[in-house]
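**Q** Quick one: this structure, given as structure tokens, is what I'll be asking you about.
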Amino acid sequence: MITYNGERIVDAAFAEQVYEAVARIPRGKVATYGQIAAQVGDPLAGREVGHIMSCAPSGRNLPCHRVVNRTGALAPDYAFGGQEKQRALLEAEGVTFLADGRIDMTLHLWGKYEQFNIFDMS
DNA sequence: CGCCTGACAGACT
DNA sequence: TAGTCTGCCAGGC
């Protein structure tokens, strides 16, 4: 469990909210771990979000490949069976990558640049 | 307990 | 944006 502002939040409940938030990420967009953490009420627990993803239950069809760090870099190889895999999944949804293999955050970051994004594929 | 580590983030340079 | 330093939280030792 975690503590926040004196309140105690059950670990399982926290994870549950994380999964919900992740499930809400629209197709063709990505969110940062920090964003997810903020949505579930703990903006400072980005690391926890990452850890929770690693334990994500497989029965839920969670689009965890849409969650990246703030620079748009993909998760380490051990997360999706290779970054190639994750990249393929994202590209299949319309996410574009930069030459250095990172996601173009100015186009696909969920909730930050939509006003500039013509395409809203959800 | 303290210390180190990590799918992270923010402020600064 | 990249690099660096610092802050945060949980978990393992």
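To be explicit about the labels: the chains of the structure tokens are called A, B, and onward in the order shown, and within each one the residues are counted from 1, while ligands get numbers from 1 in the order they are shown.
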Using only C-alpha atoms (C1' of nucleotides), determine which residues of chain C fall within 12 Å of chain A; present them as a tab-separated table (two decimals) with N, CA and C atoms (P, O5', C5', C4', C3', O3' and C1' of nucleotides), in the first residue's frame.

**A**
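What ended up in out-v7.tsv:
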```tsv
chain	number	residue	atom	x	y	z
C	1	DT	P	10.63	17.02	-27.11
C	1	DT	O5'	12.22	17.19	-27.20
C	1	DT	C5'	12.92	17.40	-28.43
C	1	DT	C4'	14.40	17.30	-28.13
C	1	DT	C3'	14.73	16.20	-27.11
C	1	DT	O3'	15.82	15.46	-27.61
C	1	DT	C1'	15.65	18.26	-26.41
C	2	DA	P	16.27	14.11	-26.89
C	2	DA	O5'	17.60	14.55	-26.11
C	2	DA	C5'	18.69	15.07	-26.85
C	2	DA	C4'	19.88	15.28	-25.93
C	2	DA	C3'	20.07	14.15	-24.91
C	2	DA	O3'	21.46	13.96	-24.71
C	2	DA	C1'	19.67	16.19	-23.78
C	7	DG	P	16.50	17.05	-2.91
C	7	DG	O5'	15.05	16.49	-3.32
C	7	DG	C5'	14.17	17.36	-4.02
C	7	DG	C4'	12.88	16.62	-4.34
C	7	DG	C3'	12.40	15.71	-3.20
C	7	DG	O3'	11.01	15.88	-3.03
C	7	DG	C1'	12.62	14.45	-5.19
C	8	DC	P	10.28	15.30	-1.73
C	8	DC	O5'	9.20	14.34	-2.39
C	8	DC	C5'	9.49	13.73	-3.61
C	8	DC	C4'	8.43	12.71	-3.94
C	8	DC	C3'	8.18	11.79	-2.74
C	8	DC	O3'	6.83	11.38	-2.66
C	8	DC	C1'	9.24	10.59	-4.52
C	9	DC	P	6.30	10.70	-1.32
C	9	DC	O5'	6.08	9.18	-1.76
C	9	DC	C5'	5.45	8.90	-2.99
C	9	DC	C4'	5.52	7.42	-3.29
C	9	DC	C3'	5.51	6.53	-2.06
C	9	DC	O3'	4.60	5.47	-2.24
C	9	DC	C1'	7.40	6.04	-3.41
C	10	DA	P	4.32	4.47	-1.04
C	10	DA	O5'	4.99	3.15	-1.60
C	10	DA	C5'	4.53	2.63	-2.85
C	10	DA	C4'	5.37	1.44	-3.28
C	10	DA	C3'	5.46	0.32	-2.25
C	10	DA	O3'	5.29	-0.91	-2.93
C	10	DA	C1'	7.63	1.03	-2.86
C	11	DG	P	5.20	-2.24	-2.10
C	11	DG	O5'	6.65	-2.89	-2.36
C	11	DG	C5'	7.13	-2.97	-3.69
C	11	DG	C4'	8.48	-3.65	-3.71
C	11	DG	C3'	8.66	-4.77	-2.69
C	11	DG	O3'	9.45	-5.79	-3.29
C	11	DG	C1'	10.28	-3.12	-2.31
```

**Q** Determine, counting only C-alpha atoms (C1' of nucleotides), which protein, DNA and RNA residues have an atom within 9 Å of an atom of Met53 of chain A; residues of the same chain fewer than 2 positions away are not included. Present the result as a list in words.

**A** Ala15, Val18, Tyr19, Glu48, Val49, Gly50, His51, Cys55, Ala56, Pro57, Cys64 and Ala79 of chain A; DA7 of chain B

**Q** What's around DT4 of chain C at 12 Å? Count only C-alpha atoms (C1' of nucleotides), leave out sequence neighbours fewer than 6 positions away in its own chain, and write the answer as a list of chain:residue names.

**A**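 Residues meeting the cut-off are B:DA11, B:DC12, B:DT13.
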
**Q** May I have the residues within 12 Å of DG12 of chain C as a list in words, using only C-alpha atoms (C1' of nucleotides) and disregarding those fewer than 6 positions away in the same chain?

**A** DC3, DC4, DT5 and DG6 of chain B

**Q** Measuring atom to atom with only C-alpha atoms (C1' of nucleotides), identify which of A:His65, A:Gln17, A:Trp110, A:Pro26 is nearest to chain B.

**A**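 Using only C-alpha atoms (C1' of nucleotides), chain B sits closest to A:His65.
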
**Q** So which bits of chain A end up strand (DSSP E or B) when you DSSP the backbone, as a PyMOL selection string?

**A** chain A and resi 2-4+7-9+30-32+67-68+97+103+109

**Q** Export N, CA and C atoms of the chosen residues as a tab-separated table (two decimals), in the first residue's frame?

**A**
```
chain	number	residue	atom	x	y	z
A	2	ILE	N	0.26	2.35	-0.28
A	2	ILE	CA	1.02	3.59	-0.30
A	2	ILE	C	0.39	4.62	0.62
A	3	THR	N	1.13	5.59	1.00
A	3	THR	CA	0.60	6.67	1.83
A	3	THR	C	0.64	7.96	1.04
A	4	TYR	N	-0.38	8.78	1.19
A	4	TYR	CA	-0.42	10.05	0.48
A	4	TYR	C	-1.24	11.05	1.28
A	7	GLU	N	-3.34	9.83	4.04
A	7	GLU	CA	-4.31	8.77	3.76
A	7	GLU	C	-3.58	7.53	3.29
A	8	ARG	N	-4.19	6.42	3.56
A	8	ARG	CA	-3.57	5.18	3.13
A	8	ARG	C	-4.42	4.57	2.03
A	9	ILE	N	-3.75	4.20	1.01
A	9	ILE	CA	-4.46	3.63	-0.13
A	9	ILE	C	-4.00	2.20	-0.33
A	30	VAL	N	-0.52	8.21	-26.60
A	30	VAL	CA	0.23	7.60	-25.50
A	30	VAL	C	0.15	8.51	-24.28
A	31	ALA	N	0.39	7.94	-23.12
A	31	ALA	CA	0.41	8.72	-21.88
A	31	ALA	C	1.69	8.40	-21.12
A	32	THR	N	2.12	9.33	-20.30
A	32	THR	CA	3.32	9.08	-19.50
A	32	THR	C	2.93	8.43	-18.18
A	67	VAL	N	1.86	3.40	-22.78
A	67	VAL	CA	2.42	4.14	-21.64
A	67	VAL	C	3.93	4.21	-21.78
A	68	VAL	N	4.45	5.42	-21.83
A	68	VAL	CA	5.89	5.62	-22.00
A	68	VAL	C	6.38	6.67	-21.02
A	97	PHE	N	6.93	7.62	-35.23
A	97	PHE	CA	8.17	7.63	-34.48
A	97	PHE	C	9.17	8.59	-35.10
A	103	ILE	N	8.88	8.12	-29.65
A	103	ILE	CA	7.57	8.56	-30.11
A	103	ILE	C	7.55	10.07	-30.27
A	109	LEU	N	1.03	12.63	-27.46
A	109	LEU	CA	0.86	12.64	-26.01
A	109	LEU	C	-0.58	12.95	-25.67
```

**Q** Atom CA of Ala21 of chain A and atom CA of Ala37 of chain A are how many Å apart?

**A**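 According to the coordinates, atom CA of Ala21 of chain A and atom CA of Ala37 of chain A are separated by 8.9 Å.
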
**Q** Could you find all residues in chain A that DSSP calls helix (DSSP H, G or I) from the backbone, and write them as number ranges by chain?

**A** A: 11-23, 33-39, 46-54, 58-60, 64-66, 77-80, 83-92, 105-108, 114-116

**Q** For DG10 of chain B, which residue among A:Gly34, A:Gly81, A:Gln86, A:Ala13 is the nearest when counting only C-alpha atoms (C1' of nucleotides)?

**A** A:Gly34

**Q** Using only C-alpha atoms (C1' of nucleotides), which residue out of A:Ser58, A:Asn69, A:Thr106, A:Gln39 lies closest to chain B?

**A** A:Asn69

**Q** When distances are computed from only C-alpha atoms, which of A:Met105, A:Glu93, A:Ala99, A:Ser54 shows the smallest separation from Pro76 of chain A?

**A** A:Ser54
